[in-house]
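One file, data35.pdb, carrying PDB, C-alpha atoms, pLDDT in the B column:
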MODEL        1
ATOM      1  CA  MET Z 107     123.462 102.965 156.147  1.00 33.00           C
ATOM      2  CA  SER Z 108     125.370 105.979 157.339  1.00 36.00           C
ATOM      3  CA  ASP Z 109     128.962 106.180 156.273  1.00 35.00           C
ATOM      4  CA  LEU Z 110     129.928 107.751 159.590  1.00 33.00           C
ATOM      5  CA  ALA Z 111     131.396 104.411 160.610  1.00 33.00           C
ATOM      6  CA  SER Z 112     133.974 104.699 157.835  1.00 33.00           C
ATOM      7  CA  GLU Z 113     135.250 108.019 159.149  1.00 36.00           C
ATOM      8  CA  ALA Z 114     137.468 108.755 162.110  1.00 37.00           C
ATOM      9  CA  PRO Z 115     135.823 107.965 165.442  1.00 38.00           C
ATOM     10  CA  ALA Z 116     133.688 110.798 166.728  1.00 40.00           C
ATOM     11  CA  PRO Z 117     133.073 111.745 170.305  1.00 41.00           C
ATOM     12  CA  ALA Z 118     130.117 109.876 171.703  1.00 46.00           C
ATOM     13  CA  ALA Z 119     126.785 111.587 171.119  1.00 46.00           C
ATOM     14  CA  PRO Z 120     125.066 112.708 174.288  1.00 48.00           C
ATOM     15  CA  SER Z 121     122.859 110.093 175.804  1.00 48.00           C
ATOM     16  CA  VAL Z 122     119.140 110.186 175.170  1.00 46.00           C
ATOM     17  CA  PRO Z 123     117.093 110.051 178.355  1.00 46.00           C
ATOM     18  CA  ALA Z 124     115.603 106.646 178.887  1.00 44.00           C
ATOM     19  CA  ALA Z 125     111.870 106.309 178.600  1.00 43.00           C
ATOM     20  CA  PRO Z 126     110.130 105.245 181.765  1.00 42.00           C
ATOM     21  CA  SER Z 127     110.092 101.499 181.961  1.00 42.00           C
ATOM     22  CA  ALA Z 128     106.828  99.655 182.115  1.00 43.00           C
ATOM     23  CA  PRO Z 129     106.440  96.586 184.269  1.00 43.00           C
ATOM     24  CA  SER Z 130     107.144  93.441 182.348  1.00 43.00           C
ATOM     25  CA  PRO Z 131     104.208  91.054 182.055  1.00 46.00           C
ATOM     26  CA  GLN Z 132     106.542  88.078 181.932  1.00 46.00           C
ATOM     27  CA  THR Z 133     108.712  86.601 184.614  1.00 49.00           C
ATOM     28  CA  ALA Z 134     112.418  85.979 184.235  1.00 51.00           C
ATOM     29  CA  GLY Z 135     113.123  83.009 182.037  1.00 56.00           C
ATOM     30  CA  SER Z 136     109.599  82.692 180.669  1.00 58.00           C
ATOM     31  CA  ALA Z 137     108.806  82.786 176.972  1.00 62.00           C
ATOM     32  CA  PRO Z 138     107.266  85.968 175.537  1.00 57.00           C
ATOM     33  CA  ASP Z 139     103.486  85.941 175.373  1.00 63.00           C
ATOM     34  CA  PRO Z 140     102.515  85.926 171.656  1.00 61.00           C
ATOM     35  CA  GLN Z 141      99.248  87.687 172.588  1.00 69.00           C
ATOM     36  CA  ASP Z 142     101.125  90.614 174.202  1.00 67.00           C
ATOM     37  CA  ASP Z 143     101.222  93.314 171.524  1.00 72.00           C
ATOM     38  CA  SER Z 144     102.594  96.071 173.766  1.00 76.00           C
ATOM     39  CA  GLY Z 145     105.986  95.894 172.055  1.00 81.00           C
ATOM     40  CA  PHE Z 146     109.374  95.554 173.640  1.00 71.00           C
ATOM     41  CA  ALA Z 147     111.133  98.693 172.375  1.00 77.00           C
ATOM     42  CA  ARG Z 148     110.586 102.417 172.809  1.00 81.00           C
ATOM     43  CA  LEU Z 149     111.445 105.077 170.275  1.00 84.00           C
ATOM     44  CA  ALA Z 150     114.565 106.837 171.539  1.00 89.00           C
ATOM     45  CA  MET Z 151     115.076 109.339 168.752  1.00 92.00           C
ATOM     46  CA  VAL Z 152     114.439 109.929 165.054  1.00 92.00           C
ATOM     47  CA  THR Z 153     117.719 110.804 163.332  1.00 93.00           C
ATOM     48  CA  ILE Z 154     117.798 112.451 159.923  1.00 94.00           C
ATOM     49  CA  ASP Z 155     120.831 112.013 157.667  1.00 92.00           C
ATOM     50  CA  CYS Z 156     122.164 115.197 156.092  1.00 94.00           C
ATOM     51  CA  ALA Z 157     125.302 116.994 154.927  1.00 95.00           C
ATOM     52  CA  ASP Z 158     125.157 119.729 157.582  1.00 97.00           C
ATOM     53  CA  PRO Z 159     123.583 118.781 160.930  1.00 97.00           C
ATOM     54  CA  VAL Z 160     124.214 122.242 162.403  1.00 97.00           C
ATOM     55  CA  ALA Z 161     122.208 123.986 159.672  1.00 97.00           C
ATOM     56  CA  LEU Z 162     119.407 121.404 159.572  1.00 97.00           C
ATOM     57  CA  ALA Z 163     119.033 121.417 163.376  1.00 98.00           C
ATOM     58  CA  ALA Z 164     118.806 125.226 163.249  1.00 98.00           C
ATOM     59  CA  PHE Z 165     116.086 124.987 160.571  1.00 97.00           C
ATOM     60  CA  TYR Z 166     113.951 122.466 162.502  1.00 97.00           C
ATOM     61  CA  GLY Z 167     114.666 124.176 165.831  1.00 98.00           C
ATOM     62  CA  GLU Z 168     113.133 127.379 164.455  1.00 97.00           C
ATOM     63  CA  LEU Z 169     110.302 125.550 162.680  1.00 97.00           C
ATOM     64  CA  LEU Z 170     109.268 123.637 165.811  1.00 97.00           C
ATOM     65  CA  GLY Z 171     110.455 126.016 168.540  1.00 97.00           C
ATOM     66  CA  TRP Z 172     112.574 123.233 170.078  1.00 97.00           C
ATOM     67  CA  GLU Z 173     115.768 123.797 172.076  1.00 97.00           C
ATOM     68  CA  THR Z 174     119.143 122.407 171.024  1.00 97.00           C
ATOM     69  CA  ARG Z 175     120.553 119.844 173.456  1.00 96.00           C
ATOM     70  CA  HIS Z 176     123.752 119.110 171.553  1.00 97.00           C
ATOM     71  CA  VAL Z 177     125.373 120.392 168.385  1.00 96.00           C
ATOM     72  CA  ASP Z 178     128.698 119.835 166.679  1.00 96.00           C
ATOM     73  CA  GLU Z 179     129.736 119.451 163.056  1.00 95.00           C
ATOM     74  CA  ARG Z 180     128.879 115.723 163.066  1.00 96.00           C
ATOM     75  CA  PHE Z 181     125.652 115.482 165.058  1.00 97.00           C
ATOM     76  CA  ALA Z 182     122.908 117.619 166.582  1.00 97.00           C
ATOM     77  CA  ILE Z 183     119.924 116.892 168.852  1.00 97.00           C
ATOM     78  CA  LEU Z 184     116.766 118.934 169.436  1.00 98.00           C
ATOM     79  CA  ASP Z 185     114.727 118.218 172.569  1.00 97.00           C
ATOM     80  CA  ASN Z 186     110.981 117.799 172.306  1.00 96.00           C
ATOM     81  CA  PRO Z 187     109.505 120.192 174.909  1.00 96.00           C
ATOM     82  CA  GLU Z 188     106.356 118.053 175.127  1.00 95.00           C
ATOM     83  CA  GLY Z 189     108.417 115.170 176.493  1.00 94.00           C
ATOM     84  CA  GLY Z 190     108.378 113.037 173.342  1.00 93.00           C
ATOM     85  CA  SER Z 191     111.350 111.656 171.480  1.00 93.00           C
ATOM     86  CA  PRO Z 192     114.040 114.118 170.417  1.00 96.00           C
ATOM     87  CA  LEU Z 193     115.018 114.768 166.812  1.00 97.00           C
ATOM     88  CA  GLY Z 194     118.610 114.087 165.747  1.00 96.00           C
ATOM     89  CA  PHE Z 195     120.636 115.091 162.705  1.00 96.00           C
ATOM     90  CA  GLY Z 196     123.702 113.140 161.595  1.00 95.00           C
ATOM     91  CA  ARG Z 197     126.317 114.135 159.024  1.00 95.00           C
ATOM     92  CA  VAL Z 198     126.761 111.693 156.160  1.00 93.00           C
ATOM     93  CA  SER Z 199     129.663 112.180 153.756  1.00 93.00           C
ATOM     94  CA  GLY Z 200     128.442 112.426 150.190  1.00 92.00           C
ATOM     95  CA  TYR Z 201     124.842 112.974 151.271  1.00 91.00           C
ATOM     96  CA  ARG Z 202     122.453 113.571 148.357  1.00 86.00           C
ATOM     97  CA  PRO Z 203     118.823 114.642 148.688  1.00 82.00           C
ATOM     98  CA  GLU Z 204     116.128 112.128 147.834  1.00 74.00           C
ATOM     99  CA  PRO Z 205     114.800 112.646 144.295  1.00 69.00           C
ATOM    100  CA  TRP Z 206     111.172 112.078 145.300  1.00 61.00           C
ATOM    101  CA  THR Z 207     109.754 114.711 142.941  1.00 60.00           C
ATOM    102  CA  GLU Z 208     111.341 113.087 139.887  1.00 60.00           C
ATOM    103  CA  PRO Z 209     109.187 110.575 137.981  1.00 57.00           C
ATOM    104  CA  ASP Z 210     111.522 107.680 138.795  1.00 59.00           C
ATOM    105  CA  GLY Z 211     112.495 108.952 142.264  1.00 58.00           C
ATOM    106  CA  SER Z 212     111.164 107.941 145.626  1.00 62.00           C
ATOM    107  CA  LYS Z 213     111.184 109.348 149.118  1.00 62.00           C
ATOM    108  CA  HIS Z 214     112.598 107.372 152.005  1.00 68.00           C
ATOM    109  CA  PHE Z 215     110.649 109.122 154.753  1.00 76.00           C
ATOM    110  CA  HIS Z 216     108.902 112.363 155.482  1.00 80.00           C
ATOM    111  CA  LEU Z 217     107.742 114.286 158.521  1.00 89.00           C
ATOM    112  CA  ASP Z 218     104.255 115.765 158.874  1.00 90.00           C
ATOM    113  CA  PHE Z 219     103.487 118.669 161.196  1.00 93.00           C
ATOM    114  CA  TYR Z 220     100.191 120.170 162.322  1.00 92.00           C
ATOM    115  CA  VAL Z 221      99.993 123.954 162.122  1.00 94.00           C
ATOM    116  CA  ASP Z 222      97.425 126.510 163.236  1.00 92.00           C
ATOM    117  CA  ASP Z 223      97.470 128.508 159.984  1.00 92.00           C
ATOM    118  CA  LEU Z 224      98.636 126.764 156.809  1.00 91.00           C
ATOM    119  CA  GLU Z 225      99.410 129.895 154.773  1.00 93.00           C
ATOM    120  CA  GLU Z 226     101.226 131.680 157.600  1.00 94.00           C
ATOM    121  CA  SER Z 227     103.201 128.551 158.542  1.00 94.00           C
ATOM    122  CA  THR Z 228     104.160 127.922 154.917  1.00 94.00           C
ATOM    123  CA  ALA Z 229     105.463 131.490 154.634  1.00 96.00           C
ATOM    124  CA  LYS Z 230     107.484 131.111 157.859  1.00 96.00           C
ATOM    125  CA  ALA Z 231     108.987 127.772 156.725  1.00 96.00           C
ATOM    126  CA  LEU Z 232     109.927 129.288 153.352  1.00 97.00           C
ATOM    127  CA  ALA Z 233     111.584 132.226 155.156  1.00 96.00           C
ATOM    128  CA  LEU Z 234     113.632 129.716 157.181  1.00 96.00           C
ATOM    129  CA  GLY Z 235     114.980 128.142 153.981  1.00 97.00           C
ATOM    130  CA  ALA Z 236     112.398 125.541 152.959  1.00 96.00           C
ATOM    131  CA  THR Z 237     111.351 125.393 149.323  1.00 95.00           C
ATOM    132  CA  GLU Z 238     108.000 124.527 147.790  1.00 94.00           C
ATOM    133  CA  PRO Z 239     107.989 122.009 144.936  1.00 89.00           C
ATOM    134  CA  GLY Z 240     105.771 122.689 141.943  1.00 85.00           C
ATOM    135  CA  TYR Z 241     103.836 119.477 142.469  1.00 82.00           C
ATOM    136  CA  GLN Z 242     101.428 119.230 145.420  1.00 83.00           C
ATOM    137  CA  HIS Z 243      99.581 115.920 145.746  1.00 73.00           C
ATOM    138  CA  GLY Z 244      96.683 117.206 147.821  1.00 71.00           C
ATOM    139  CA  ARG Z 245      94.768 120.259 148.934  1.00 73.00           C
ATOM    140  CA  THR Z 246      94.907 119.724 152.689  1.00 80.00           C
ATOM    141  CA  LEU Z 247      98.633 118.996 153.099  1.00 85.00           C
ATOM    142  CA  ARG Z 248     101.327 121.411 151.911  1.00 91.00           C
ATOM    143  CA  VAL Z 249     104.530 119.617 150.949  1.00 90.00           C
ATOM    144  CA  LEU Z 250     107.752 121.566 151.427  1.00 92.00           C
ATOM    145  CA  ILE Z 251     111.408 120.583 151.111  1.00 93.00           C
ATOM    146  CA  ASP Z 252     113.820 121.259 153.981  1.00 94.00           C
ATOM    147  CA  PRO Z 253     117.267 122.776 153.286  1.00 95.00           C
ATOM    148  CA  ALA Z 254     118.825 119.291 153.050  1.00 93.00           C
ATOM    149  CA  GLY Z 255     116.273 118.105 150.471  1.00 90.00           C
ATOM    150  CA  HIS Z 256     113.900 116.088 152.697  1.00 90.00           C
ATOM    151  CA  PRO Z 257     110.178 116.491 152.053  1.00 88.00           C
ATOM    152  CA  PHE Z 258     107.922 117.437 154.958  1.00 90.00           C
ATOM    153  CA  GLY Z 259     104.257 118.262 155.204  1.00 91.00           C
ATOM    154  CA  LEU Z 260     102.270 120.984 156.927  1.00 92.00           C
ATOM    155  CA  ALA Z 261      98.604 120.268 157.679  1.00 91.00           C
ATOM    156  CA  PRO Z 262      95.983 122.459 159.370  1.00 90.00           C
ATOM    157  CA  LEU Z 263      95.433 121.380 162.978  1.00 84.00           C
ATOM    158  CA  GLU Z 264      91.661 121.833 162.772  1.00 79.00           C
ATOM    159  CA  GLN Z 265      91.498 118.966 160.258  1.00 69.00           C
ATOM    160  CA  ALA Z 266      93.244 116.683 162.726  1.00 63.00           C
ATOM    161  CA  ILE Z 267      90.838 117.427 165.555  1.00 62.00           C
ATOM    162  CA  GLY Z 268      87.730 117.487 163.379  1.00 57.00           C
ATOM    163  CA  GLN Z 269      86.737 121.144 163.696  1.00 49.00           C
TER
ENDMDL
END
Show me this structure written as structure tokens.
Amino acid sequence: MSDLASEAPAPAAPSVPAAPSAPSPQTAGSAPDPQDDSGFARLAMVTIDCADPVALAAFYGELLGWETRHVDERFAILDNPEGGSPLGFGRVSGYRPEPWTEPDGSKHFHLDFYVDDLEESTAKALALGATEPGYQHGRTLRVLIDPAGHPFGLAPLEQAIGQ
């Protein structure tokens, strides 16, 4: 859990636009249909904990080509230009990177991105401040570490679309 709650109250983060609402298959007061697997929640945003949301938002903004909607020293939001969920970055006091590359470490999450050219995209990400760990667990996915210590993967787009 983020320790932001233990700090002084921060100004409210900008609101995330609501996803379009789908018509509800149930009427008011009726029990949910156990056969309805459409879900009842929509992803509003993925938020990544870090020590410096300004720097990490700048890194991912350049990596993805996304525009910044909001940034301050406690929180930043990048808008997805394709209309999907935005990406958020929240400051956590005492943040430490995940030790996933250590034998007894584990990762908590990771992001994977499709790229047109794996070598060129790797070079660009490294120039932005990513690092490349010595261990790579596959030949088709390049694992890099963002400036806050989170692993992320780059994979050639042609593999995703079967070319």
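Across the chains present, the PyMOL selection byres ((chain Z and resi 195) around 7) applied to this file returns Z:Thr153, Z:Ile154, Z:Asp155, Z:Cys156, Z:Pro159, Z:Ala163, Z:Phe181, Z:Ala182, Z:Ile183, Z:Leu193, Z:Gly194, Z:Gly196, Z:Arg197.
CA of Phe215 in chain Z is found 8.8 Å from CA of Phe258 in chain Z.
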Exercise for review: For Val221 in chain Z, work out the shell of residues within 9 Å, counting all atoms listed in the file and skipping chain neighbours fewer than 2 positions away, then give it as a VMD selection string.
Suggested key: chain Z and resid 219 223 to 224 227 260 to 264
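Of the residues under consideration (Z:Val160, Z:Gly145, Z:Glu168, Z:His256), Z:Glu168 shows the shortest atom-to-atom contact distance to Ala233 in chain Z when counting all atoms listed in the file.
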Exercise for review: Please write as a PyMOL selection string the full residue list that the PyMOL selection byres ((chain Z and resi 249) around 8) yields on this file.
Suggested key: chain Z and resi 238-239+242+247-248+250-251+257-260
Revision key, fill the gap. From CA of Pro203 in chain Z to CA of Phe165 in chain Z the spacing works out at 16.0 Å
Exercise for review: Excluding Ser191 in chain Z and any residue of its chain fewer than 5 positions from it, enumerate the residues within 8 Å of it, using all atoms listed in the file, and give them as a PyMOL selection string.
Suggested key: chain Z and resi 149-152+185-186
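Between CA of Leu217 in chain Z and CA of Arg175 in chain Z the separation is 20.4 Å.
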Review point. When distances are computed from only C-alpha atoms, which of Z:Ser199, Z:Thr246, Z:Thr237, Z:Thr228 shows the smallest separation from Asp158 in chain Z?
Key: Z:Ser199
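The residue that comes closest to Glu204 in chain Z, out of Z:Ala254, Z:His176, Z:Tyr166, Z:Asp218 and on the basis of all atoms listed in the file, is Z:Ala254.
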